[in-house]
Amino acid sequence: MSRFEELIQTVETYQALVEENYTRIRRLAEEVRGGLCDYIGAPDGVCVHLVPPVGAFEPRAYGDLAFSIPPRGFRPLGPVAFGLAFRVSKEADWLRLRFECRKTGDDFVVGIEDGAEYTFRLPIEEGDSAPFYAHIYQYILSWFEENIESYREGTYGTRAIGFGLMDEPSPQRAIAES
């Protein structure tokens with residue numbers, strides 16, 4: 001085998017692993033998008049969209065653009081990010097969380113925003129996402145509860161963590177009104 005053939009074979013293996021990684025992440029993101037509304041019991045329409053992980057967004061389906069790498073072509077092998085927008089009011093207020101997914105040994109780790117993580121054991125089986133729904137829901141609920149408590153205690157001015165409003169610059173979180 002020539003050096004060129006060895007290189008081609010190695011790159012083909014690399015790209016096969018990129019596809020495996022992307023497919024796992026895309027499947028999980030789609031499953032969460034589809035199941036989280038049912039989990040939280042939102043009876044009045046769509047309450048979750050896949051959105052870009054950073055930058056401006058509207059509460060709508062973005063398809064391939066919701067992921068930090070494209071679905072085809074030569075792609076890097078590494079963590080992949082996606083955004084999920086959640087409706088957090090009866091009106092049309094949306095919150096975006098950025099998720100970054102990576103494989104660590106036999107584990108698949110999903111990082112949320114400021115260090116919160118959820119770990120799946122590989123391979124991810126059907127139904128493994130249900131506890132993840134609870135984790136996401138509790139993360140969002142806790143953020144609001146902690147800020148309510150900070151306000152009541154009078155320590156809310158630091159904004160050490162927090163969801164940014166669309167008119168305030170925030171690279172990671174945003175609440176959008178539509």
# chains A, B, ... in the order shown; residues from 1 in each chain; ligands from 1

call {"tool": "select_by_dssp", "arguments": {"residues": "segment 48-153 of chain A", "states": "alpha helix (DSSP H)", "output": "count of residues only"}}
result
24

call {"tool": "select_by_dssp", "arguments": {"residues": "chain A", "states": "strand (DSSP E or B)", "output": "PyMOL selection string"}}
result
chain A and resi 48-51+67+80-87+93-104+107-112+116-121+165+174-177

call {"tool": "closest_residue", "arguments": {"among": "A:Pro53, A:Pro59, A:Gly111, A:Gly105", "to": "Arg87 of chain A", "atoms": "only C-alpha atoms"}}
result
A:Pro59

call {"tool": "residues_around", "arguments": {"residues": "segment 120-124 of chain A", "least_positions_apart": "5", "cutoff": "9 Å", "atoms": "only C-alpha atoms", "output": "MDAnalysis selection string"}}
result
chainID A and resid 24 28 103 105:110 129 132

call {"tool": "write_last_selection", "arguments": {"atoms": "C-alpha atoms", "output": "PDB file, in the first residue's frame"}}
result
ATOM      1  CA  ARG A  24     -25.837   9.892  17.181  1.00  0.00           C
ATOM      2  CA  LEU A  28     -30.669  12.489  20.147  1.00  0.00           C
ATOM      3  CA  LYS A 103     -17.908  10.934  23.263  1.00  0.00           C
ATOM      4  CA  GLY A 105     -14.682   6.483  26.271  1.00  0.00           C
ATOM      5  CA  ASP A 106     -17.883   4.441  26.477  1.00  0.00           C
ATOM      6  CA  ASP A 107     -19.877   7.477  27.566  1.00  0.00           C
ATOM      7  CA  PHE A 108     -21.675  10.112  25.563  1.00  0.00           C
ATOM      8  CA  VAL A 109     -21.647  13.422  27.446  1.00  0.00           C
ATOM      9  CA  VAL A 110     -24.070  16.255  26.761  1.00  0.00           C
ATOM     10  CA  SER A 129     -33.728   9.973  26.622  1.00  0.00           C
ATOM     11  CA  PHE A 132     -32.584  13.397  30.042  1.00  0.00           C
TER      12      PHE A 132
END

call {"tool": "residues_around", "arguments": {"residues": "Ala61 of chain A", "least_positions_apart": "2", "cutoff": "7 Å", "atoms": "only C-alpha atoms", "output": "PyMOL selection string"}}
result
chain A and resi 49-51+63

call {"tool": "write_last_selection", "arguments": {"atoms": "N, CA and C atoms", "output": "tab-separated table (two decimals), in the first residue's frame"}}
result
chain	number	residue	atom	x	y	z
A	49	HIS	N	-38.05	23.79	19.63
A	49	HIS	CA	-37.51	23.82	18.27
A	49	HIS	C	-36.01	23.59	18.33
A	50	LEU	N	-35.47	22.93	17.32
A	50	LEU	CA	-34.02	22.88	17.14
A	50	LEU	C	-33.61	24.18	16.46
A	51	VAL	N	-32.68	24.91	17.08
A	51	VAL	CA	-32.24	26.20	16.58
A	51	VAL	C	-30.72	26.24	16.58
A	63	GLY	N	-33.65	22.84	10.95
A	63	GLY	CA	-33.08	21.69	10.26
A	63	GLY	C	-31.59	21.58	10.47

call {"tool": "atom_distance", "arguments": {"atom1": "atom CA of Asp93 of chain A", "atom2": "atom CA of Val32 of chain A"}}
result
19.4 Å

call {"tool": "atom_distance", "arguments": {"atom1": "atom CA of Ala130 of chain A", "atom2": "atom CA of Leu77 of chain A"}}
result
27.3 Å

call {"tool": "closest_residue", "arguments": {"among": "A:Arg102, A:Tyr139, A:Asp114, A:Phe74", "to": "Tyr14 of chain A", "atoms": "only C-alpha atoms"}}
result
A:Phe74

call {"tool": "atom_distance", "arguments": {"atom1": "atom CA of Asn21 of chain A", "atom2": "atom CA of Ile40 of chain A"}}
result
28.0 Å
